[in-house]
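The file structure05.txt comes next; it holds compact mmCIF, C-alpha atoms and all ligand atoms.
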```txt
# COMPACT_ATOMS: atom_id res chain seq x y z
CA MET A 1 0.00 0.00 0.00
CA MET A 2 2.73 2.44 1.13
CA ARG A 3 4.76 1.53 -1.95
CA GLY A 4 1.76 2.36 -4.19
CA VAL A 5 1.32 5.78 -2.57
CA ILE A 6 5.04 6.56 -2.97
CA THR A 7 4.94 5.49 -6.64
CA VAL A 8 1.94 7.75 -7.36
CA PHE A 9 3.61 10.65 -5.53
CA VAL A 10 6.90 10.20 -7.44
CA LEU A 11 5.06 9.96 -10.79
CA CYS A 12 2.99 13.09 -10.08
CA ALA A 13 6.00 15.06 -8.88
CA GLY A 14 8.02 13.94 -11.90
CA PHE A 15 5.21 14.91 -14.27
CA THR A 16 4.88 18.34 -12.67
CA ILE A 17 8.63 18.99 -12.77
CA ALA A 18 8.79 17.84 -16.41
CA LEU A 19 5.98 20.24 -17.34
CA MET A 20 7.60 23.09 -15.45
CA ALA A 21 10.89 22.47 -17.22
CA ASP A 22 9.93 24.89 -20.00
CA PRO A 23 11.08 28.16 -18.40
CA ALA A 24 9.10 30.34 -20.82
CA TYR A 25 5.68 29.08 -19.73
CA PRO A 26 5.93 27.72 -16.16
CA TRP A 27 2.63 29.08 -14.89
CA GLN A 28 0.64 27.98 -17.90
CA ASN A 29 2.07 24.48 -17.51
CA VAL A 30 0.95 24.34 -13.90
CA LEU A 31 -2.52 25.38 -15.08
CA TYR A 32 -2.51 22.58 -17.64
CA VAL A 33 -1.91 19.99 -14.90
CA LEU A 34 -5.08 21.29 -13.24
CA ARG A 35 -6.98 21.50 -16.54
CA PRO A 36 -6.07 18.49 -18.67
CA LEU A 37 -8.72 19.32 -21.28
CA SER A 38 -7.15 22.72 -21.89
CA LEU A 39 -3.77 21.02 -22.33
CA ALA A 40 -5.24 18.72 -24.98
CA GLN A 41 -6.82 21.71 -26.72
CA SER A 42 -3.57 23.69 -26.60
CA GLN A 43 -1.66 20.81 -28.17
CA ARG A 44 -4.32 20.61 -30.87
CA ILE A 45 -4.01 24.35 -31.72
CA GLU A 46 -0.23 24.07 -31.90
CA LEU A 47 -0.57 21.26 -34.46
CA ASP A 48 -3.26 23.15 -36.42
CA ILE A 49 -1.29 26.38 -36.55
CA LYS A 50 2.01 24.73 -37.42
CA SER A 51 0.39 22.87 -40.30
CA VAL A 52 -1.39 26.03 -41.55
CA LEU A 53 1.78 28.15 -41.37
CA LEU A 54 3.94 25.52 -43.06
CA SER A 55 1.56 24.50 -45.82
CA LYS A 56 -0.62 27.42 -46.87
CA GLY A 57 1.82 30.26 -47.55
CA ILE A 58 0.19 32.52 -44.95
CA SER A 59 0.88 36.22 -45.62
CA ASP A 60 -0.34 37.68 -42.29
CA VAL A 61 -1.67 36.54 -38.94
CA VAL A 62 -4.63 38.69 -37.86
CA PHE A 63 -5.86 38.43 -34.27
CA ILE A 64 -9.41 39.68 -33.71
CA MET A 65 -10.30 39.81 -30.03
CA ASP A 66 -13.03 41.11 -27.78
CA LYS A 67 -12.05 43.07 -24.62
CA ASP A 68 -14.39 42.45 -21.66
CA GLY A 69 -14.30 38.81 -20.54
CA THR A 70 -11.72 37.97 -23.22
CA LEU A 71 -8.62 40.17 -22.82
CA SER A 72 -9.54 41.38 -19.33
CA LYS A 73 -12.26 40.81 -16.77
CA PRO A 74 -15.25 43.07 -17.55
CA ASN A 75 -14.20 46.70 -17.10
CA GLU A 76 -11.09 45.78 -15.10
CA HIS A 77 -7.45 46.58 -15.81
CA VAL A 78 -5.75 44.23 -18.29
CA SER A 79 -3.11 41.97 -16.69
CA ASP A 80 0.62 42.46 -17.27
CA SER A 81 0.81 38.88 -18.55
CA MET A 82 -1.78 39.62 -21.27
CA ILE A 83 0.08 42.76 -22.38
CA ASN A 84 3.29 40.72 -22.44
CA LEU A 85 1.65 38.11 -24.68
CA ILE A 86 0.54 40.82 -27.13
CA ARG A 87 4.12 42.11 -27.09
CA LYS A 88 5.33 38.60 -27.92
CA ILE A 89 2.90 38.33 -30.84
CA PHE A 90 4.15 41.60 -32.38
CA ASP A 91 7.74 40.65 -31.66
CA THR A 92 7.56 37.07 -32.96
CA TYR A 93 5.85 37.69 -36.28
CA ASP A 94 6.39 40.83 -38.39
CA CYS A 95 3.14 40.27 -40.27
CA SER A 96 0.91 39.99 -37.21
CA HIS A 97 -1.97 42.41 -36.60
CA ILE A 98 -4.00 42.93 -33.46
CA VAL A 99 -7.61 44.08 -33.83
CA ILE A 100 -9.54 44.61 -30.60
CA CYS A 101 -13.29 45.04 -30.91
CA THR A 102 -15.27 45.94 -27.79
CA GLY A 103 -18.94 46.80 -27.42
CA GLY A 104 -18.04 49.23 -24.63
CA ILE A 105 -17.59 53.00 -24.79
CA LEU A 106 -14.15 54.59 -25.19
CA GLU A 107 -14.04 55.95 -21.62
CA ASP A 108 -14.20 52.40 -20.21
CA SER A 109 -11.25 51.25 -22.34
CA GLU A 110 -8.74 54.05 -21.89
CA ASP A 111 -7.15 53.34 -18.51
CA ASN A 112 -7.97 49.64 -18.52
CA LEU A 113 -6.49 48.66 -21.88
CA ILE A 114 -5.58 51.39 -24.38
CA ASN A 115 -3.03 53.23 -22.21
CA PRO A 116 -1.20 50.01 -21.15
CA LEU A 117 -1.11 48.88 -24.81
CA GLU A 118 0.28 52.23 -26.00
CA LYS A 119 2.90 52.21 -23.24
CA MET A 120 4.05 48.70 -24.19
CA VAL A 121 4.31 49.57 -27.91
CA LYS A 122 6.25 52.80 -27.18
CA LEU A 123 8.71 50.88 -25.03
CA ASN A 124 9.32 48.31 -27.79
CA SER A 125 8.84 49.57 -31.35
CA HIS A 126 6.79 52.49 -32.68
CA SER A 127 6.45 50.56 -35.96
CA TRP A 128 4.03 48.19 -34.20
CA PHE A 129 1.41 50.99 -33.97
CA LYS A 130 0.31 50.50 -37.57
CA ARG A 131 -0.41 46.84 -36.77
CA LEU A 132 -2.81 47.78 -33.96
CA THR A 133 -6.49 48.75 -34.42
CA TYR A 134 -9.03 49.39 -31.67
CA PHE A 135 -12.77 49.36 -32.32
CA PHE A 136 -15.14 50.47 -29.57
CA MET A 137 -18.97 50.70 -29.40
CA ALA A 138 -19.09 47.55 -31.58
CA GLY A 139 -17.24 49.35 -34.40
CA LEU A 140 -19.10 52.69 -34.33
CA GLY A 141 -15.82 54.13 -33.05
CA LYS A 142 -12.24 53.35 -34.07
CA ILE A 143 -8.74 54.26 -32.90
CA SER A 144 -5.74 53.93 -35.18
CA TRP A 145 -2.20 55.22 -34.64
CA ASP A 146 0.55 56.81 -36.71
CA GLU A 147 4.17 55.76 -36.29
CA GLN A 148 4.75 58.42 -33.63
CA GLY A 149 2.00 56.80 -31.57
CA ARG A 150 -0.51 59.63 -32.12
CA ARG A 151 -4.12 58.48 -31.95
CA THR A 152 -6.77 59.15 -34.58
CA ILE A 153 -10.29 58.65 -33.19
CA GLU A 154 -13.14 58.29 -35.67
CA TYR A 155 -16.89 57.86 -35.21
CA PHE A 156 -19.12 56.31 -37.86
CA GLY A 157 -22.82 56.64 -38.62
CA GLU A 158 -25.27 59.30 -37.50
CA PRO A 159 -26.62 59.53 -33.94
CA PHE A 160 -30.27 58.54 -33.45
CA SER A 161 -32.81 61.37 -33.28
CA LYS A 162 -33.26 62.87 -29.80
CA ASP A 163 -36.72 61.31 -29.65
CA ASP A 164 -35.43 57.81 -30.54
CA GLN A 165 -32.60 58.16 -28.02
CA MET A 166 -35.14 58.95 -25.29
CA PHE A 167 -37.35 56.05 -26.39
CA ILE A 168 -34.43 53.58 -26.29
CA VAL A 169 -33.02 54.68 -22.92
CA ARG A 170 -36.48 54.86 -21.31
CA ASN A 171 -37.28 51.32 -22.46
CA LEU A 172 -33.90 49.94 -21.40
CA ALA A 173 -34.70 51.27 -17.91
CA LYS A 174 -38.21 49.76 -18.07
CA ALA A 175 -36.90 46.34 -19.21
CA LEU A 176 -34.36 46.36 -16.40
CA MET A 177 -36.89 47.28 -13.69
CA GLN A 178 -39.49 44.79 -14.90
CA ASN A 179 -37.04 41.95 -14.32
CA ILE A 180 -35.95 42.84 -10.79
CA GLU A 181 -38.31 41.62 -8.10
CA GLY A 182 -39.60 44.24 -5.69
CA ILE A 183 -38.63 47.18 -7.93
CA ARG A 184 -41.01 49.62 -9.59
CA LEU A 185 -40.37 52.09 -12.36
CA PRO A 186 -39.41 55.44 -10.79
CA GLU A 187 -41.99 58.21 -11.06
CA GLY A 188 -41.42 60.66 -13.88
CA THR A 189 -39.73 58.14 -16.24
CA ASP A 190 -42.50 58.43 -18.84
CA GLU A 191 -42.84 62.19 -18.45
CA ALA A 192 -39.12 63.11 -18.65
CA LYS A 193 -38.70 65.75 -21.37
CA ASN A 194 -35.01 65.30 -22.19
CA MET A 195 -32.07 62.93 -21.67
CA LYS A 196 -30.60 65.00 -18.82
CA ASN A 197 -33.88 64.78 -16.94
CA LEU A 198 -34.27 61.04 -17.62
CA SER A 199 -30.69 60.28 -16.54
CA LYS A 200 -31.20 62.23 -13.30
CA ILE A 201 -34.36 60.23 -12.46
CA PHE A 202 -32.58 56.93 -13.19
CA ASP A 203 -29.38 57.81 -11.28
CA GLU A 204 -31.33 58.97 -8.22
CA PHE A 205 -33.39 55.79 -8.32
CA ILE A 206 -30.26 53.60 -8.44
CA ALA A 207 -28.67 55.55 -5.58
CA LYS A 208 -31.82 55.11 -3.46
CA ASN A 209 -31.94 51.34 -4.09
CA ARG A 210 -28.22 50.65 -3.86
CA LYS A 211 -28.59 48.06 -1.09
CA LEU A 212 -31.10 46.10 -3.15
CA ILE A 213 -29.42 46.19 -6.56
CA GLY A 214 -25.93 47.71 -6.28
CA HIS A 215 -24.67 50.12 -8.94
CA ILE A 216 -26.15 50.05 -12.47
CA GLU A 217 -25.64 52.57 -15.31
CA ILE A 218 -27.25 53.11 -18.69
CA SER A 219 -24.77 54.64 -21.11
CA ASN A 220 -25.66 56.63 -24.20
CA GLY A 221 -22.62 56.18 -26.47
CA LYS A 222 -22.62 59.43 -28.46
CA GLY A 223 -26.32 58.90 -29.24
CA ARG A 224 -25.36 55.89 -31.39
CA GLN A 225 -25.23 52.91 -29.01
CA PHE A 226 -26.94 52.22 -25.67
CA THR A 227 -25.90 49.88 -22.88
CA ILE A 228 -27.14 48.73 -19.50
CA GLU A 229 -23.86 48.35 -17.63
CA LEU A 230 -23.93 46.01 -14.62
CA LYS A 231 -20.21 46.33 -14.01
CA LYS A 232 -18.80 49.77 -14.64
CA SER A 233 -15.65 48.98 -12.62
CA SER A 234 -14.54 46.83 -9.67
CA GLU A 235 -16.02 49.45 -7.32
CA LYS A 236 -19.19 50.29 -9.25
CA GLN A 237 -21.18 47.17 -9.99
CA ALA A 238 -24.58 45.54 -9.56
CA LEU A 239 -25.04 42.93 -6.85
CA PRO A 240 -23.50 39.57 -7.91
CA GLY A 241 -26.96 37.93 -8.25
CA LEU A 242 -27.75 40.25 -11.18
CA GLN A 243 -24.48 39.69 -13.06
CA ASN A 244 -25.37 36.61 -15.08
CA SER A 245 -26.64 35.90 -18.56
CA ASP A 246 -29.91 34.36 -17.32
CA PHE A 247 -30.88 37.77 -15.97
CA THR A 248 -29.53 39.83 -18.90
CA ARG A 249 -31.22 37.47 -21.39
CA LYS A 250 -34.59 38.17 -19.74
CA VAL A 251 -33.93 41.92 -19.77
CA SER A 252 -32.95 41.84 -23.45
CA GLU A 253 -36.09 39.85 -24.35
CA THR A 254 -38.33 42.34 -22.51
CA PHE A 255 -36.48 45.20 -24.22
CA LYS A 256 -36.93 43.64 -27.68
CA GLY A 257 -40.69 43.48 -27.04
CA LEU A 258 -40.80 47.17 -26.00
CA LEU A 259 -38.69 48.24 -28.99
CA ALA A 260 -41.10 46.58 -31.44
CA GLU A 261 -43.43 49.58 -30.96
CA ARG A 262 -41.25 51.63 -33.30
CA ALA A 263 -40.83 50.18 -36.77
CA ASN A 264 -37.60 52.14 -37.45
CA LEU A 265 -35.90 50.57 -34.39
CA LYS A 266 -36.94 46.95 -34.61
CA ASN A 267 -33.86 45.84 -36.56
CA LEU A 268 -31.35 47.02 -33.96
CA HIS A 269 -28.85 44.46 -32.65
CA ILE A 270 -29.60 43.62 -29.02
CA LYS A 271 -26.88 41.58 -27.33
CA TYR A 272 -26.30 40.52 -23.74
CA GLY A 273 -23.56 39.04 -21.59
CA ASP A 274 -23.06 38.47 -17.85
CA THR A 275 -22.62 42.19 -17.19
CA TYR A 276 -24.41 44.09 -19.97
CA VAL A 277 -27.30 44.50 -22.40
CA ASP A 278 -26.28 46.35 -25.59
CA CYS A 279 -28.44 48.00 -28.21
CA SER A 280 -26.62 49.01 -31.37
CA PRO A 281 -27.34 49.62 -35.06
CA VAL A 282 -24.24 47.57 -35.98
CA ASP A 283 -22.70 44.19 -35.23
CA LYS A 284 -18.98 43.86 -34.42
CA LYS A 285 -18.59 41.70 -37.50
CA ASP A 286 -19.41 44.71 -39.73
CA ALA A 287 -16.34 46.56 -38.41
CA VAL A 288 -14.13 43.47 -38.69
CA GLU A 289 -15.21 42.79 -42.29
CA CYS A 290 -14.63 46.44 -43.18
CA PHE A 291 -11.12 46.28 -41.65
CA LEU A 292 -10.24 43.07 -43.55
CA GLY A 293 -11.62 44.53 -46.78
CA GLU A 294 -9.55 47.74 -46.41
CA ARG A 295 -6.31 45.90 -45.64
CA ASN A 296 -6.88 43.33 -48.37
CA PHE A 297 -4.37 40.83 -46.95
CA LYS A 298 -3.11 38.33 -49.52
CA ASN A 299 -3.64 35.10 -47.59
CA PRO A 300 -4.29 35.82 -43.91
CA LEU A 301 -4.64 33.39 -41.03
CA ILE A 302 -7.40 34.86 -38.87
CA ILE A 303 -7.52 33.98 -35.19
CA ALA A 304 -10.71 35.19 -33.48
CA ILE A 305 -11.39 35.05 -29.73
CA GLY A 306 -14.52 36.18 -27.89
CA ASP A 307 -16.67 35.37 -24.87
CA GLY A 308 -20.22 36.62 -25.57
CA SER A 309 -23.12 36.46 -28.00
CA ASN A 310 -22.03 39.88 -29.35
CA ASP A 311 -18.86 38.16 -30.61
CA TYR A 312 -20.64 35.39 -32.54
CA GLY A 313 -20.70 37.49 -35.72
CA PHE A 314 -16.94 37.86 -36.02
CA LEU A 315 -16.26 34.33 -34.70
CA SER A 316 -18.39 32.80 -37.49
CA LYS A 317 -16.68 31.63 -40.62
CA THR A 318 -17.71 33.30 -43.86
CA THR A 319 -16.91 32.26 -47.40
CA ASN A 320 -14.28 35.03 -47.53
CA ASP A 321 -12.33 33.55 -44.62
CA LYS A 322 -9.88 31.18 -46.22
CA THR A 323 -8.10 30.24 -43.01
CA LYS A 324 -9.74 31.04 -39.71
CA LEU A 325 -9.52 29.59 -36.20
CA SER A 326 -12.18 30.81 -33.76
CA PHE A 327 -12.27 30.29 -30.01
CA PHE A 328 -14.97 30.97 -27.44
CA VAL A 329 -13.88 31.64 -23.84
CA GLY A 330 -17.31 32.51 -22.42
CA LYS A 331 -19.42 30.44 -20.04
CA ASP A 332 -22.84 30.74 -21.72
CA CYS A 333 -22.45 29.36 -25.25
CA GLU A 334 -26.12 29.26 -26.23
CA GLY A 335 -26.42 29.83 -29.98
CA MET A 336 -22.66 29.62 -30.56
CA PRO A 337 -22.02 29.24 -34.32
CA ASP A 338 -20.60 26.04 -35.83
CA GLY A 339 -16.87 25.77 -36.31
CA VAL A 340 -15.96 27.68 -33.13
CA THR A 341 -13.82 25.88 -30.52
CA LEU A 342 -15.37 26.09 -27.04
CA TRP A 343 -12.32 26.60 -24.83
CA GLN A 344 -12.29 24.74 -21.50
CA THR A 345 -10.83 27.57 -19.44
CA PRO A 346 -13.17 30.59 -19.49
CA GLY A 347 -12.25 34.29 -19.49
CA PRO A 348 -8.88 36.00 -19.90
CA ALA A 349 -7.07 32.94 -18.41
CA GLY A 350 -8.38 30.89 -21.35
CA THR A 351 -7.34 33.58 -23.84
CA GLU A 352 -3.82 33.54 -22.36
CA GLU A 353 -3.63 29.75 -22.82
CA ILE A 354 -4.68 30.11 -26.46
CA LEU A 355 -2.19 32.93 -27.15
CA VAL A 356 0.67 31.04 -25.44
CA SER A 357 0.02 28.04 -27.71
CA ILE A 358 -0.10 30.22 -30.81
CA VAL A 359 3.14 32.06 -29.95
CA LYS A 360 4.83 28.71 -29.30
CA SER A 361 3.75 27.31 -32.68
CA VAL A 362 4.76 30.43 -34.60
CA GLU A 363 8.18 30.43 -32.90
CA THR A 364 8.75 26.75 -33.76
CA VAL A 365 7.75 27.24 -37.39
CA PHE A 366 10.14 30.19 -37.66
CA GLU A 367 12.98 28.13 -36.22
CA MET A 368 12.22 25.40 -38.76
CA GLU A 369 12.10 27.90 -41.64
CA ASN A 370 15.36 29.54 -40.52
CA ASN A 371 17.04 26.14 -40.39
CA ILE A 372 15.87 25.37 -43.90
CA ARG A 373 17.29 28.69 -45.14
CA THR A 374 20.59 28.07 -43.38
CA CYS A 375 20.89 24.57 -44.86
CA ALA A 376 20.14 25.83 -48.38
MG MG B 1 -17.03 40.18 -23.91
```
Could you rewrite the structure in this file as C-alpha cells?
Amino acid sequence: MMRGVITVFVLCAGFTIALMADPAYPWQNVLYVLRPLSLAQSQRIELDIKSVLLSKGISDVVFIMDKDGTLSKPNEHVSDSMINLIRKIFDTYDCSHIVICTGGILEDSEDNLINPLEKMVKLNSHSWFKRLTYFFMAGLGKISWDEQGRRTIEYFGEPFSKDDQMFIVRNLAKALMQNIEGIRLPEGTDEAKNMKNLSKIFDEFIAKNRKLIGHIEISNGKGRQFTIELKKSSEKQALPGLQNSDFTRKVSETFKGLLAERANLKNLHIKYGDTYVDCSPVDKKDAVECFLGERNFKNPLIIAIGDGSNDYGFLSKTTNDKTKLSFFVGKDCEGMPDGVTLWQTPGPAGTEEILVSIVKSVETVFEMENNIRTCA
C-alpha cells in the first residue's frame, strides 16, 4: 500500500517537474496539470497552426479579439501577462496584426487597456502601432495610430434622433426594472422631457436602491449605441446575483418586445452578456469585415477570440475567410455558431492559454524555416 502511494507521488512530482521544465511558460504548464482538457486543446491548436503556417503560404496573422471577458475581466485593468503576450505576438511575427473590438464605450477602455497597450508599444517599437487597431462601441468608433504613436479617433454613422434616443433609454430602464423583483419604475420616467432629466431620475433611483441592486448605469454612447452596464468597474457594480446571462437574457427579451413599438428601431442588434445588455445599429462583424476589406491581406490566417453572443458574428466563418480559427472563452455558449472551438478555461485565463500556444507554434515554425534557409 505504502509503496503504491510513494509510486503515485513520485510519478505526479516527476510529471509536474517535467511540465515546469519549460522556463518560458511555467505558470501555464501548472494550469494545464489542473486543466487536462485545456492542455489537450492547446496541443491541438499548436498542431493546427504549425500545419497552416507551413503549408498554406500565410501572408499575415490577424488576431481579432473582444475586450471584456476575453482580454480582461469586464471593465477591469488588463493583466501584465496579457500585455506581455501581445508584445510577444508583435515581436515574434512581423506580419501579425491585433484588432480589438469591444462593445463598450471609449471611456471604459482608456485606462484599462488602451493606455497600457500604448505604453508597451512605445517601449518596444513604434512601428508596431500600424499593426494595432481598436474598435469600440461595436465598431461605431475606431482608434488607429501613426508611427509616432498619435491616436486618430473616428466615429461612424449618424446619432439617433433625440426622440429615438429617449425612447431607447427609457425602455432599457423599463426592461431592467421589470425583471428585478420588488422594484417599480421610478416616477417621472415616462414624463421626462429630455435625456438629462431622464438620466437624473434613473441615477437617483439607483442611488436610493443601492442596497437592493448595487450600482447600475445606462450609457448613451454618443447617441449611437446604448448599454445597460452592470459592471462599470470593480467598485461600481450591480449585486453579484444580477451579473449573469440568465438575468440579462430576460432583460434583453423584454427590451426587444418594448422596442417593437417603433418600426424604425426593430432591426437594432440587441446583445447581452453576464454584465451588460447592448443595443446598437451595428454588429462587431461589420467593423471586422470592413477592416479586412480595407487591408486586403493576400492570404491571412485569422484567429478570433470572444466570450459573448455579441462576438458570434466575427467568430463565425464566412466564405471570404480562407483560413480562420475561432475560439470561445465565455461560459454561456447558447447559440454559438458552428466551427468555433469552445475553450475549457473561461475568461482571460483561457485567452492567455490560447495565445501562449499560438506564440509557441509560430516560434517553432520560424525556427524550422530559418534552419531550412541556413541549410540551403
Ligand atoms: Mg465580452
Return as a PDB file with C-alpha atoms, in the frame of the given file every polymer residue, whether protein, DNA or RNA, with at least one atom no more than 8 Å from an atom of ligand MG 1 (chain B); count only C-alpha atoms and all ligand atoms.
```pdb
ATOM      1  CA  ASP A  66     -13.030  41.110 -27.780  1.00  0.00           C
ATOM      2  CA  LYS A  67     -12.050  43.070 -24.620  1.00  0.00           C
ATOM      3  CA  ASP A  68     -14.390  42.450 -21.660  1.00  0.00           C
ATOM      4  CA  GLY A  69     -14.300  38.810 -20.540  1.00  0.00           C
ATOM      5  CA  THR A  70     -11.720  37.970 -23.220  1.00  0.00           C
ATOM      6  CA  PRO A  74     -15.250  43.070 -17.550  1.00  0.00           C
ATOM      7  CA  THR A 102     -15.270  45.940 -27.790  1.00  0.00           C
ATOM      8  CA  GLY A 103     -18.940  46.800 -27.420  1.00  0.00           C
ATOM      9  CA  GLY A 273     -23.560  39.040 -21.590  1.00  0.00           C
ATOM     10  CA  GLY A 306     -14.520  36.180 -27.890  1.00  0.00           C
ATOM     11  CA  ASP A 307     -16.670  35.370 -24.870  1.00  0.00           C
ATOM     12  CA  GLY A 308     -20.220  36.620 -25.570  1.00  0.00           C
ATOM     13  CA  ASN A 310     -22.030  39.880 -29.350  1.00  0.00           C
ATOM     14  CA  ASP A 311     -18.860  38.160 -30.610  1.00  0.00           C
ATOM     15  CA  GLY A 330     -17.310  32.510 -22.420  1.00  0.00           C
TER      16      GLY A 330
END
```
_Closest of A:Asn267, A:Asn171, A:Asn84, A:Asn179 to Lys119 (chain A) - atom-to-atom distances counting only C-alpha atoms_ = A:Asn84
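Using only C-alpha atoms, the smallest distance between any of A:Arg262, A:Arg224, A:Lys250, A:Arg131 and Asp60 (chain A) comes from A:Arg131.
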Give me the residues within 8 Å of Gly149 (chain A) as an mmCIF file with C-alpha atoms, in the frame of the given file, counting all atoms listed in the file and dropping any in the same chain fewer than 5 places off.
```cif
data_model
loop_
_atom_site.group_PDB
_atom_site.id
_atom_site.type_symbol
_atom_site.label_atom_id
_atom_site.label_comp_id
_atom_site.auth_asym_id
_atom_site.auth_seq_id
_atom_site.Cartn_x
_atom_site.Cartn_y
_atom_site.Cartn_z
ATOM 1 C CA GLU A 118 0.280 52.230 -26.000
ATOM 2 C CA LYS A 122 6.250 52.800 -27.180
ATOM 3 C CA HIS A 126 6.790 52.490 -32.680
ATOM 4 C CA PHE A 129 1.410 50.990 -33.970
#
```
_As an exercise, work out the distance from CA of Ile86 (chain A) to CA of Ile98 (chain A) in Å and give it to one decimal place._
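Interatomic distance here is 8.1 Å.
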*Tell me, in Å to one decimal, how far CA of Val359 (chain A) is from CA of Phe291 (chain A).*
23.3 Å
*If you measure from CA of Cys101 (chain A) to CA of Lys56 (chain A), what distance in Å do you get, rounded to one decimal?*
26.9 Å
Region 142-145 of chain A surroundings by all atoms listed in the file, 8 Å radius, close-in-sequence under 3 positions cut, as an mmCIF file with C-alpha atoms, in the coordinates of the input:
```cif
data_model
loop_
_atom_site.group_PDB
_atom_site.id
_atom_site.type_symbol
_atom_site.label_atom_id
_atom_site.label_comp_id
_atom_site.auth_asym_id
_atom_site.auth_seq_id
_atom_site.Cartn_x
_atom_site.Cartn_y
_atom_site.Cartn_z
ATOM 1 C CA PHE A 129 1.410 50.990 -33.970
ATOM 2 C CA LYS A 130 0.310 50.500 -37.570
ATOM 3 C CA LEU A 132 -2.810 47.780 -33.960
ATOM 4 C CA THR A 133 -6.490 48.750 -34.420
ATOM 5 C CA TYR A 134 -9.030 49.390 -31.670
ATOM 6 C CA PHE A 135 -12.770 49.360 -32.320
ATOM 7 C CA PHE A 136 -15.140 50.470 -29.570
ATOM 8 C CA GLY A 139 -17.240 49.350 -34.400
ATOM 9 C CA GLN A 148 4.750 58.420 -33.630
ATOM 10 C CA GLY A 149 2.000 56.800 -31.570
ATOM 11 C CA ARG A 150 -0.510 59.630 -32.120
ATOM 12 C CA ARG A 151 -4.120 58.480 -31.950
ATOM 13 C CA THR A 152 -6.770 59.150 -34.580
ATOM 14 C CA ILE A 153 -10.290 58.650 -33.190
ATOM 15 C CA GLU A 154 -13.140 58.290 -35.670
ATOM 16 C CA TYR A 155 -16.890 57.860 -35.210
#
```
If you count only C-alpha atoms, which residues fall within 12 Å of region 204-215 of chain A, apart from same-chain ones fewer than 3 positions away, as a JSON list (two decimals) with C-alpha atoms, in the coordinates of the input?
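Contents of the output file part_6.json:
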```
[["chain", "number", "residue", "atom", "x", "y", "z"],
["A", 173, "ALA", "CA", -34.70, 51.27, -17.91],
["A", 176, "LEU", "CA", -34.36, 46.36, -16.40],
["A", 177, "MET", "CA", -36.89, 47.28, -13.69],
["A", 179, "ASN", "CA", -37.04, 41.95, -14.32],
["A", 180, "ILE", "CA", -35.95, 42.84, -10.79],
["A", 181, "GLU", "CA", -38.31, 41.62, -8.10],
["A", 182, "GLY", "CA", -39.60, 44.24, -5.69],
["A", 183, "ILE", "CA", -38.63, 47.18, -7.93],
["A", 184, "ARG", "CA", -41.01, 49.62, -9.59],
["A", 185, "LEU", "CA", -40.37, 52.09, -12.36],
["A", 186, "PRO", "CA", -39.41, 55.44, -10.79],
["A", 187, "GLU", "CA", -41.99, 58.21, -11.06],
["A", 188, "GLY", "CA", -41.42, 60.66, -13.88],
["A", 189, "THR", "CA", -39.73, 58.14, -16.24],
["A", 197, "ASN", "CA", -33.88, 64.78, -16.94],
["A", 198, "LEU", "CA", -34.27, 61.04, -17.62],
["A", 199, "SER", "CA", -30.69, 60.28, -16.54],
["A", 200, "LYS", "CA", -31.20, 62.23, -13.30],
["A", 201, "ILE", "CA", -34.36, 60.23, -12.46],
["A", 218, "ILE", "CA", -27.25, 53.11, -18.69],
["A", 228, "ILE", "CA", -27.14, 48.73, -19.50],
["A", 229, "GLU", "CA", -23.86, 48.35, -17.63],
["A", 230, "LEU", "CA", -23.93, 46.01, -14.62],
["A", 231, "LYS", "CA", -20.21, 46.33, -14.01],
["A", 232, "LYS", "CA", -18.80, 49.77, -14.64],
["A", 233, "SER", "CA", -15.65, 48.98, -12.62],
["A", 234, "SER", "CA", -14.54, 46.83, -9.67],
["A", 235, "GLU", "CA", -16.02, 49.45, -7.32],
["A", 236, "LYS", "CA", -19.19, 50.29, -9.25],
["A", 237, "GLN", "CA", -21.18, 47.17, -9.99],
["A", 238, "ALA", "CA", -24.58, 45.54, -9.56],
["A", 239, "LEU", "CA", -25.04, 42.93, -6.85],
["A", 240, "PRO", "CA", -23.50, 39.57, -7.91],
["A", 241, "GLY", "CA", -26.96, 37.93, -8.25],
["A", 242, "LEU", "CA", -27.75, 40.25, -11.18],
["A", 243, "GLN", "CA", -24.48, 39.69, -13.06],
["A", 275, "THR", "CA", -22.62, 42.19, -17.19]]
```
*Find the residues near Ile83 (chain A): any atom within 12 Å, counting only C-alpha atoms, skip ones fewer than 2 places away on the same chain, and give them as number ranges by chain.*
A: 71-72, 77-81, 85-90, 98, 112-121, 348, 351-352, 355
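Closest approach to Ser42 (chain A) from the set A:Cys290, A:Ile358, A:Leu301, A:Leu54 is made by A:Ile358, with distances taken over only C-alpha atoms.
The shortest atom-to-atom distance to Val282 (chain A), with all atoms listed in the file taken into account, belongs to A:Phe156 out of A:Phe328, A:Trp128, A:Trp343, A:Phe156.
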_Residue among A:Met82, A:Ala349, A:Val251, A:Val365 lying closest to Leu172 (chain A), counting all atoms listed in the file_ =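 For Leu172 (chain A), the nearest of the candidates is A:Val251.
You can rank A:Ser125, A:Ser245, A:Ser96, A:Thr227 by their closest distance to Ile302 (chain A) using only C-alpha atoms, and at the top of that list sits A:Ser96.
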*Do you know which residues are at most 10 Å from Leu325 (chain A) counting only C-alpha atoms, after dropping those on the same chain fewer than 5 positions away, and could you put them as a VMD selection string?*
chain A and resid 45 48 to 49 63 301 to 305 315 to 317 339 to 341
Kindly add N, CA and C atoms to the incomplete region 355-360 of chain A and provide the output as a compact mmCIF listing (two decimals), keeping the file's coordinate frame.
```txt
# COMPACT_ATOMS: atom_id res chain seq x y z
N LEU A 355 -3.26 32.10 -26.57
CA LEU A 355 -2.19 32.93 -27.15
C LEU A 355 -0.82 32.31 -26.91
N VAL A 356 -0.62 31.70 -25.73
CA VAL A 356 0.67 31.04 -25.44
C VAL A 356 0.91 29.94 -26.48
N SER A 357 -0.13 29.14 -26.75
CA SER A 357 0.02 28.04 -27.71
C SER A 357 0.34 28.57 -29.10
N ILE A 358 -0.31 29.67 -29.46
CA ILE A 358 -0.10 30.22 -30.81
C ILE A 358 1.33 30.76 -30.93
N VAL A 359 1.77 31.51 -29.90
CA VAL A 359 3.14 32.06 -29.95
C VAL A 359 4.15 30.93 -30.04
N LYS A 360 3.92 29.87 -29.27
CA LYS A 360 4.83 28.71 -29.30
C LYS A 360 4.91 28.12 -30.71
```
